[in-house]
Every structure is written in C-alpha cells, then in structure tokens.
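Report on one structure; see the data block that follows.
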Amino acid sequence: MDNGVSWATMRSLTRDSSVTRQRLPPGLAKRILAYARPYLGVIVPFLLMVAATAALGVVTPLLFKAIIDRGVVPGRMGVVLWLAVAVAGVALVEAVLTLLQRWYSSRLGEGLIYELRRDVFDHVQRMPLAFFVRAQTGALTSRLNSDVIGAQRALTSTLSSVVSNVLSLVLVLAAMFALSWKITLIALALVPLFLFPVRWIGRKLQRVTREQMAVDAEMSSLMTERFGVGGAMLTKLYGRADEETAQFAGKAARVRDLGVLSAMYSRVFFVGLTLLAALATAVAYGLGGTLVISGSLQLGTLVALTSLLTRLYGPLTSLSNVHVDVMTALVSFHRVFEVLDLEPMIREREDAVELPAGTNSLEFDSVSFHYPGSDEVSLASLESVARQESTPAHQVLHDVSFRADPGEMIALVGHSGAGKTTIAQLAGRLYEVDSGSVRVGGYDVRDVTLASLYSTIGVVTQEAHLFHDTIRANLAYARPSATDAELLDALRTAQLEELLTELPDGLDTVVGDRGYRLSGGEKQRIAIARLLLKQPPVVVLDEATAHLDSESEAAVQRALRGALHGRTSLVIAHRLATIRRADRILVISEGRIAEQGTHTELLEQDGHYAELYRTQFADGAESRASAAVDGAGPGQVEPAEHSGLVESGDGGQAARRG
C-alpha cells in the first residue's frame with residue numbers, strides 16, 4: 001500500500017462533511033480561476049507531471065509481468081537484464097517527476113498564498129476603525145492563515161489528488177481488466193466490505209477533528225490572553241494562578257484524550273486498508289494460482305495483478321470523499337473572498353485632492369453621527385459573539401458646529417459618554433459623518449486624499465500604543481527618514497532626555513509588548529515625541545493624560561506645550577491648566593454643544609461648565625493645577641486627587657530597570 005496515498009486518503013476522511021451543506025455564491029469558480037490564471041504556466045506542467053506519475057504507476061507492474069513471462073520463464077537472461085534496467089529507469093524518472101511536481105506545486109501554492117495574504121492584509125488595513133472595534137482579532141488572523149492555506153490547497157493538494165486518483169484508477173482498472181477480468185471483478189467486489197466501515201470511521205474522525213480544532217482554538221486563546229502583560233498582571237493581582245492552571249490543564253487534557261482517540265481511529269483505518277489489500281492479494285494469488293497451474297493465466301500476469309491491486313483501493317477511497325475535499329477548498333476560498341468583498345465605509349474618492357501643505361484650520365458644520373451597526377461594517381463570522389442587533393442605532397452627535405482657526409486651541413469638556421472622543425475621531429475621518437461636514441483648511445475631509453489628511457492631522461490618544469520594538473522604531477514610524485539627531489531632539493522636547501540616560505541601550509531599547517516596559521507617562525511622552533516628528537499642522541489630543549500620576553502628568557503637560565506650540569489643536573481636557581490655556585472651551589452634553597466660551601465666561605454663566613468645575617476643581621485646586629504645568633519642577637508638583645484622575649503607578653520603570 002502506497003503510504004503517501006494512505007495518508008492523503010486518511011486526511012480526506014478527517015475533513016468536516018458539513019461543508020457540503022453550505023450554499024456558495026454564484027461565480028465563485030470564476031473568481032478562483034481569476035487568481036489561478038497568472039499561474040497557468042505553472043499549473044499546466046504541474047498537472048502533466050501528476051498525470052505522468054500516475055501513468056508510471058501502472059508501467060512498473062507491467063514491466064514485472066514482462067520480466068517473468070518473457071525473461072524468467074523462457075530463461076532469457078538478456079531480456080531480464082534489460083527489463084530490470086527499464087524498471088530502474090522508470091523508478092528514476094518517477095523520482096525526478098516527483099521532485100519537479102513538488103517544485104511546481106510549491107511555486108503554485110506559495111505564490112497563491114502570497115497573493116491572497118497580501119490582498120487580504122491590504123484590504124483589512126484599509127477598513128475603518130468601526131471594523132476593528134467589532135471584529136475578533138483571532139478570526140481575522142485565521143482568514144490570513146487557515147483559510148488562505150485551505151484555499152491554496154484547492155489548487156495544489158486537492159487538484160493534484162483528484163487528477164492523480166482519477167487517472168490512476170482508470171489506468172489501473174484498464175490494465176487489470178486487460179490482464180484478468182475475473183480477478184478484477186473479485187477485487188472490486190471486496191471494496192464495499194472496506195468502504196462502509198471506513199466511512200463510519202471517517203465520520204468519527206471528522207467529529208474528533210472538529211472538537212480538536214475547537215479545543216485547540218480555546219487553548220490558544222487562553223494562552224494569548226494570559227501570557228500578555230495585562231492578563232498576567234490580572235492573574236497575579238487576583239491570585240488566580242492555580243485556577244488558571246487548572247482551567248488550562250482541563251483543556252490540555254481534552255486535547256490529549258482527543259489525540260489518543262484520533263490516533264486509534266487513524267490506525268484502525270490504516271489496518272483496515274492494509275487488511276483489505278492483503279485479503280485481495282490472497283484472493284488474487286489463490287484464484288490466480290489455480291489459473292496459472294491450469295495454464296489459463298501466465299505467472300507474470302498474476303504478479304502484475306497483485307502489484308496493481310496495491311494501487312487500487314487508495315484512489316477508490318479518496319474519490320469516495322472527493323466532494324468533501326472540493327467543498328472544503330471552495331469554502332476556504334469563499335471565506336477569504338468574504339473579507340475581500342466587505343467594502344470599507346471610508347473610501348478615497350477617485351477625484352480626491354491633496355490638502356495643501358500647512359493647512360491648519362478645523363471646522364465642524366452641523367455634524368450628526370451614529371456609530372454603525374455590525375451589518376454595516378463587519379461580518380458575523382468575524383465577531384466572537386455574533387448576534388442580530390435588535391435596538392436601533394443610537395444618535396451620538398446632534399448638529400455639532402464649531403471652528404478652530406489656525407493656531408487656536410479648542411478644549412472639549414463634558415461628562416463621560418457625552419461625545420467628546422467621537423468628535424476627535426471624526427476630525428481624523430476615522431468614521432464617516434451622517435450629515436453635515438468636517439472641514440480641514442476649508443476642504444471637506446471626504447474630498448481629500450486620506451494620505452494628505454493623515455499627514456495634516458496628528459493624534460495622541462488616551463492609551464498610547466507602542467509596538468513591541470525599539471524606541472527608535474516606534475519613533476521612526478512617524479517619519480522613517482528621521483535621523484538620530486531628530487529623534488533625540490523630539491525626545492528632549494517631549495521631556496524624555498532623562499529617560500534616555502537611564503536606558504542601557506538608548507534608542508535601541510526594546511519597549512516590550514505594548515510598551516509595558518515603560519511607565520504610563522513615558523509611553524505618553526514617546527507618543528508625543530512621535531507626534532513631534534510627524535509635525536502635523538493640526539493636533540488632536542484625546543485625554544492624553546487621563547490615567548497618569550501627578551508627576552508623570554506634569555511632565556506630559558510640559559511636553560504637550562511644546563507639541564501644541566504654533567499648531568491648531570483640539571483637546572479633550574480634564575486638567576484645569578489645559579482648559580485655562582484654551583482659546584475656547586466647548587462643553588459637550590448628550591452629543592450637543594451645550595456651552596462655549598472662555599474659562600471665565602463659562603464660570604460666569606453658572607451652567608454645565610461651572611458644575612463640572614465645582615465637581616472636579618473645587619477646594620482651591622486651580623492654583624495647584626496651574627503650577628504643576630506652568631513651570632513647577634517634578635519635585636514641586638502637588639497631588640492630583642483634585643483633578644479626578646485615576647492614579648497609575650510607575651511599574652514600567654521597575655520592569656525596565658529590573
């Protein structure tokens with residue numbers, strides 16, 4: 001029995017048969033052919049070699065027949081030697097064809113994987129923020145890995161398996177019938193005795209394989225969450241290490257048990273297939289031997305028949321499950337195309353114009369907005385908990401209008417959930433407005449190129465994200481051409497000169513997963529340094545100091561003063577010192593601008609702002625907050641309890657220096 005055929009057959013039987021019940025969209029085959037068309041120069045020779053290899057599988061048994069009947073039995077030494085050389089030659093040619101077949105298969109498969117992964121990655125990168133808010137990261141990476149590889153197998157493993165098995169079966173049966181129709185019919189009559197038990201084993205293997213994949217995914221998800229810095233910290237803070245180990249051990253134990261079960265089912269399959277081949281060979285020798293003795297069958301013919309029998313049952317079993325193989329490949333293609341067909345809500349118009357350099361005004365004109373639902377931006381299959389949303393979309397902003405002139409600072413204040421962050425995100429066109437318009441330099445953001453818009457507007461968010469890379473790489477993300485001198489200058493302006501002297505590797509220090517080796521204040525200042533390198537005319541700060549301790553916040557505020565100098569800025573502020581420096585303060589309440597004016601004007605109105613002021617900045621906090629930013633050194637900063645901050649420790653420094 002050909003071991004390669006056996007493993008391919010067994011793998012086919014583990015495929016999920018439920019895929020055959022899925023409804024695929026029309027035109028799928030046409031799209032697959034469009035991806036395959038550039039590789040026709042590879043596919044054609046690949047299939048020719050598959051066919052040649054299948055044909056050679058029949059040639060060798062026929063050469064055995066000739067050696068015995070024309071050489072051994074008549075006693076012709078020369079014929080035996082030449083035919084033996086021919087057998088060796090066929091084996092050599094088959095080996096070369098196998099290597100070439102593998103080379104063409106790799107070129108085709110890896111090329112297709114590259115094309116699909118590049119297209120999916122590029123498409124996902126262009127999706128709006130709402131897509132990433134809803135989609136599960138693991139589901140997305142699965143499309144780039146499992147489904148892309150599954151699609152690739154459609155044009156390599158599945159295609160070659162079908163072609164090879166069909167040709168092998170046709171040629172083997174033709175040769176066997178030509179040699180002895182009686183023995184061939186008996187061999188075929190034995191197939192149901194094996195095929196029905198194999199189908200039963202196949203269903204068991206499919207169930208086990210499905211459960212293995214599910215438990216493996218759960219185990220991987222558990223490890224990903226618990227091995228991250230945040231998950232590890234939560235586990236330690238709540239003292240749940242034993243429970244986590246027990247939970248993981250339970251899943252790992254199930255994987256172990258399923259592995260044993262799968263191994264036994266697989267071994268039963270191989271034993272059954274070997275037993276069938278042995279039984280068929282015994283019948284062939286028993287019947288054929290009597291025919292040889294009676295003179296109605298040649299000895300070489302009997303040897304050739306028994307050799308051909310070993311090449312009969314593998315292809316038969318594989319082809320019995322070929323519809324599952326084909327559907328599995330098609331479903332993988334469909335899942336990849338499903339992502340590629342999801343149109344981004346935010347697209348650049350064909351006639352989009354470049355924003356002029358130095359554009360530095362920002363205007364909201366009667367902007368209303370609601371966050372899009374899952375059916376507008378995502379796929380149910382990409383969400384960890386997919387369900388139909390029954391409630392109508394909630395309107396977040398209502399007729400918001402304001403203007404930030406060049407060099408002006410506009411501060412947004414209001415209770416949590418009022419719509420401040422939404423305004424900041426709309427400024428950078430992370431979402432699309434429902435009505436009204438957002439203008440930068442007088443241009444509607446929908447009419448300009450995304451590249452020019454992103455180069456004009458710089459954003460520092462509440463949670464500064466750093467890649468698991470060096471400080472240099474994280475800074476250069478804003479401007480890859482920046483020199484070391486420019487990087488150091490940006491860090492000095494961001495109040496990080498002291499940090500550089502403490503780090504053993506300087507700019508080449510790795511910041512860790514999400515920057516966890518640094519403190520919160522240091523991460524924010526690196527984000528500000530990155531912003532300074534970008535040099536955007538318009539800056540949006542979304543509570544950039546919300547979760548910092550007083551000393552870190554004071555350092556970040558001083559860095560922000562350098563970052564905002566000479567730039568138009570939209571600042572979501574909770575710190576009085578920032579608010580007082582603003583040219584205008586907008587009080588956001590329930591998605592509307594409830595009040596606007598300077599700090600003094602709004603206090604005199606005794607409205608929403610005055611209430612916020614009394615809540616957050618009472619008990620003489622005004623002078624202390626101003627002092628913390630307007631020149632006081634780190635050692636002179638007063639406690640920040642008055643500002644409503646959630647204090648954070650400086651654990652990043654300990655992690656860095658430890």
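Order determines the names: the first chain of the structure tokens is A, the second B, and so forth; residues in each chain are numbered 1 upward, and ligands are numbered 1 upward as they are shown.
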
Which neighbours of Leu507 of chain A fall inside 8 Å, counting only C-alpha atoms, when residues of the same chain fewer than 4 positions from it are skipped, and could you give them as number ranges by chain? A: 470-472, 500

Just asking: which residues within segment 448-551 of chain A are helix (DSSP H, G or I) according to DSSP, as number ranges by chain? A: 450-456, 471-476, 484-493, 497-502, 506-508, 513-515, 520-534, 550-551

Can you pull out the residues contacting Asn360 of chain A? Cut-off 6 Å, using only C-alpha atoms, and skip same-chain residues under 4 positions away; I want them as JSON, numbers by chain. {"A": [406, 441, 537, 538, 568]}

Emit the selected residues as a PDB file, in the first residue's frame, including C-alpha atoms.
ATOM      1  CA  PRO A 406      -5.098  78.497  12.637  1.00  0.00           C
ATOM      2  CA  GLY A 441      -8.481  74.145   5.702  1.00  0.00           C
ATOM      3  CA  PRO A 537      -0.377  71.368  11.460  1.00  0.00           C
ATOM      4  CA  VAL A 538      -3.487  70.158  13.343  1.00  0.00           C
ATOM      5  CA  THR A 568      -4.181  74.275  15.698  1.00  0.00           C
TER       6      THR A 568
END

Using only C-alpha atoms, find each residue in segment 216-319 of chain A having at least one atom no more than 12 Å away from segment 72-79 of chain A; report its shortest atom-to-atom pair and that distance in Å (one decimal), rows by chain then rising number, as a Markdown table.
| residue | atom | partner | partner_atom | distance |
| --- | --- | --- | --- | --- |
| A:Gln298 | CA | A:Val73 | CA | 9.7 |
| A:Leu299 | CA | A:Val73 | CA | 8.6 |
| A:Gly300 | CA | A:Val73 | CA | 8.9 |

Kindly export the residues of the current selection with N, CA and C atoms, as a JSON list (two decimals), in the first residue's frame.
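Output below, filename selection.json:
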[["chain", "number", "residue", "atom", "x", "y", "z"],
["A", 298, "GLN", "N", -0.83, -16.52, -17.19],
["A", 298, "GLN", "CA", 0.61, -16.54, -17.06],
["A", 298, "GLN", "C", 1.04, -16.08, -15.66],
["A", 299, "LEU", "N", 2.21, -16.59, -15.22],
["A", 299, "LEU", "CA", 2.72, -16.25, -13.89],
["A", 299, "LEU", "C", 3.01, -14.75, -13.78],
["A", 300, "GLY", "N", 3.58, -14.18, -14.82],
["A", 300, "GLY", "CA", 3.89, -12.74, -14.81],
["A", 300, "GLY", "C", 2.62, -11.89, -14.70]]

Residues near Val148 of chain A, anyone? I mean within 12 Å using only C-alpha atoms, not counting same-chain ones fewer than 6 positions away, as a ChimeraX atom specification. /A:109-121,140-142,154-155,328-339

Those residues you just picked out, can you put them in a file as an mmCIF file, in the first residue's frame with C-alpha atoms?
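What landed in selection_33.cif:
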data_model
loop_
_atom_site.group_PDB
_atom_site.id
_atom_site.type_symbol
_atom_site.label_atom_id
_atom_site.label_comp_id
_atom_site.auth_asym_id
_atom_site.auth_seq_id
_atom_site.Cartn_x
_atom_site.Cartn_y
_atom_site.Cartn_z
ATOM 1 C CA GLY A 109 0.894 27.088 -3.662
ATOM 2 C CA GLU A 110 3.274 29.609 -2.106
ATOM 3 C CA GLY A 111 2.590 32.112 -4.872
ATOM 4 C CA LEU A 112 -1.143 31.830 -4.313
ATOM 5 C CA ILE A 113 -0.713 32.133 -0.522
ATOM 6 C CA TYR A 114 1.349 35.276 -1.063
ATOM 7 C CA GLU A 115 -1.248 36.826 -3.378
ATOM 8 C CA LEU A 116 -4.180 36.069 -1.086
ATOM 9 C CA ARG A 117 -2.428 37.124 2.132
ATOM 10 C CA ARG A 118 -1.192 40.356 0.587
ATOM 11 C CA ASP A 119 -4.640 41.214 -0.765
ATOM 12 C CA VAL A 120 -6.443 40.368 2.494
ATOM 13 C CA PHE A 121 -3.907 42.229 4.649
ATOM 14 C CA LEU A 140 -9.053 37.856 11.189
ATOM 15 C CA THR A 141 -5.721 36.098 11.594
ATOM 16 C CA SER A 142 -7.484 32.807 10.891
ATOM 17 C CA ALA A 154 -7.560 23.793 -3.726
ATOM 18 C CA LEU A 155 -5.027 24.427 -6.482
ATOM 19 C CA THR A 328 -13.672 22.365 1.842
ATOM 20 C CA ALA A 329 -11.373 24.126 -0.613
ATOM 21 C CA LEU A 330 -14.231 26.171 -2.083
ATOM 22 C CA VAL A 331 -15.453 27.216 1.364
ATOM 23 C CA SER A 332 -11.928 28.373 2.240
ATOM 24 C CA PHE A 333 -11.856 30.492 -0.905
ATOM 25 C CA HIS A 334 -15.302 31.840 -0.070
ATOM 26 C CA ARG A 335 -14.253 32.840 3.457
ATOM 27 C CA VAL A 336 -11.260 34.713 2.038
ATOM 28 C CA PHE A 337 -13.357 36.432 -0.625
ATOM 29 C CA GLU A 338 -15.937 37.272 2.044
ATOM 30 C CA VAL A 339 -13.391 39.570 3.680
#

Between atom CA of Gln152 of chain A and atom CA of Ser220 of chain A, what is the spacing in Å?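 Value for the atom CA of Ser220 of chain A-atom CA of Gln152 of chain A distance: 23.8 Å.
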
Which residues are close to Val413 of chain A, i.e. within 7 Å by only C-alpha atoms, leaving aside same-chain residues fewer than 3 positions away? Reply as a PyMOL selection string. chain A and resi 572-574+586-588

Okay, now the selection with C-alpha atoms, as a PDB file, in the first residue's frame?
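Wrote result.pdb, looks like this:
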ATOM      1  CA  ILE A 572     -10.246  66.713  25.168  1.00  0.00           C
ATOM      2  CA  ALA A 573      -9.223  68.033  28.552  1.00  0.00           C
ATOM      3  CA  HIS A 574      -9.792  67.123  32.154  1.00  0.00           C
ATOM      4  CA  LEU A 586     -16.801  73.621  24.232  1.00  0.00           C
ATOM      5  CA  VAL A 587     -18.990  71.904  26.812  1.00  0.00           C
ATOM      6  CA  ILE A 588     -20.399  68.712  25.266  1.00  0.00           C
TER       7      ILE A 588
END

So how many Å separate atom CA of Ala284 of chain A and atom CA of Phe177 of chain A, to one decimal? 13.2 Å

Show me, as JSON, numbers by chain, the residues that have an atom within 10 Å of Val172 of chain A when counting only C-alpha atoms, minus same-chain residues fewer than 5 positions from it. {"A": [54, 55, 57, 58, 59, 61, 166, 167, 177, 178, 184, 305, 308, 309, 310, 311, 312]}

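Of the residues in segment 172-385 of chain A, those given strand (DSSP E) by DSSP on the backbone are Leu362, Glu363, Phe364, Asp365, Ser366, Val367, Ser368, Phe369 and His370 of chain A.
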
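Distance check against His415 of chain A using only C-alpha atoms: of A:Val268, A:Gly566, A:Ala278, A:Tyr613, the minimum falls on A:Tyr613.
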
Just want the 9 Å neighbourhood of Leu564 of chain A, counted on only C-alpha atoms, with same-chain residues fewer than 3 positions away dropped. Output as a list in words.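 Near Leu564 of chain A, the qualifying residues are Gly407, Met409, Val538, Val539, Ala559, Leu560, Arg561, Arg567, Thr568 and Ser569 of chain A.
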
Would you mind exporting N, CA and C atoms of the selected residues as a PDB file, in the first residue's frame?
ATOM      1  N   GLY A 407      -3.774  78.024  14.597  1.00  0.00           N
ATOM      2  CA  GLY A 407      -3.090  78.311  15.838  1.00  0.00           C
ATOM      3  C   GLY A 407      -3.965  78.344  17.068  1.00  0.00           C
ATOM      4  N   MET A 409      -6.498  76.923  20.082  1.00  0.00           N
ATOM      5  CA  MET A 409      -6.730  75.702  20.852  1.00  0.00           C
ATOM      6  C   MET A 409      -8.188  75.669  21.298  1.00  0.00           C
ATOM      7  N   VAL A 538      -2.324  70.263  12.467  1.00  0.00           N
ATOM      8  CA  VAL A 538      -3.487  70.158  13.343  1.00  0.00           C
ATOM      9  C   VAL A 538      -3.266  68.981  14.289  1.00  0.00           C
ATOM     10  N   VAL A 539      -3.475  69.224  15.587  1.00  0.00           N
ATOM     11  CA  VAL A 539      -3.246  68.198  16.602  1.00  0.00           C
ATOM     12  C   VAL A 539      -4.548  67.907  17.344  1.00  0.00           C
ATOM     13  N   ALA A 559       5.443  68.562  27.928  1.00  0.00           N
ATOM     14  CA  ALA A 559       5.743  68.080  26.582  1.00  0.00           C
ATOM     15  C   ALA A 559       4.671  68.527  25.596  1.00  0.00           C
ATOM     16  N   LEU A 560       3.416  68.517  26.048  1.00  0.00           N
ATOM     17  CA  LEU A 560       2.319  68.919  25.175  1.00  0.00           C
ATOM     18  C   LEU A 560       2.413  70.390  24.807  1.00  0.00           C
ATOM     19  N   ARG A 561       2.907  71.200  25.730  1.00  0.00           N
ATOM     20  CA  ARG A 561       3.029  72.623  25.425  1.00  0.00           C
ATOM     21  C   ARG A 561       3.960  72.827  24.230  1.00  0.00           C
ATOM     22  N   ARG A 567       0.458  75.313  16.629  1.00  0.00           N
ATOM     23  CA  ARG A 567      -0.413  74.407  15.897  1.00  0.00           C
ATOM     24  C   ARG A 567      -1.868  74.604  16.306  1.00  0.00           C
ATOM     25  N   THR A 568      -2.759  74.296  15.386  1.00  0.00           N
ATOM     26  CA  THR A 568      -4.181  74.275  15.698  1.00  0.00           C
ATOM     27  C   THR A 568      -4.456  72.985  16.465  1.00  0.00           C
ATOM     28  N   SER A 569      -5.196  73.085  17.563  1.00  0.00           N
ATOM     29  CA  SER A 569      -5.373  71.885  18.380  1.00  0.00           C
ATOM     30  C   SER A 569      -6.803  71.744  18.881  1.00  0.00           C
TER      31      SER A 569
END

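The residue that comes closest to Arg403 of chain A, out of A:Val324, A:Ile585, A:Leu92, A:Val124 and on the basis of only C-alpha atoms, is A:Ile585.
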
Pick from A:Thr421, A:Ser452, A:Ser105, A:Thr224, whichever lies nearest to Leu159 of chain A using only C-alpha atoms: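 Looking only at the distances to Leu159 of chain A, the closest residue turns out to be A:Ser105.
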
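Going from atom CA of Val87 of chain A to atom CA of Gly71 of chain A covers 13.7 Å.
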
Residue nearest Ser366 of chain A - candidates A:Leu171, A:Ile593, A:Leu603, A:Ala282, atoms counted: only C-alpha atoms: A:Ile593
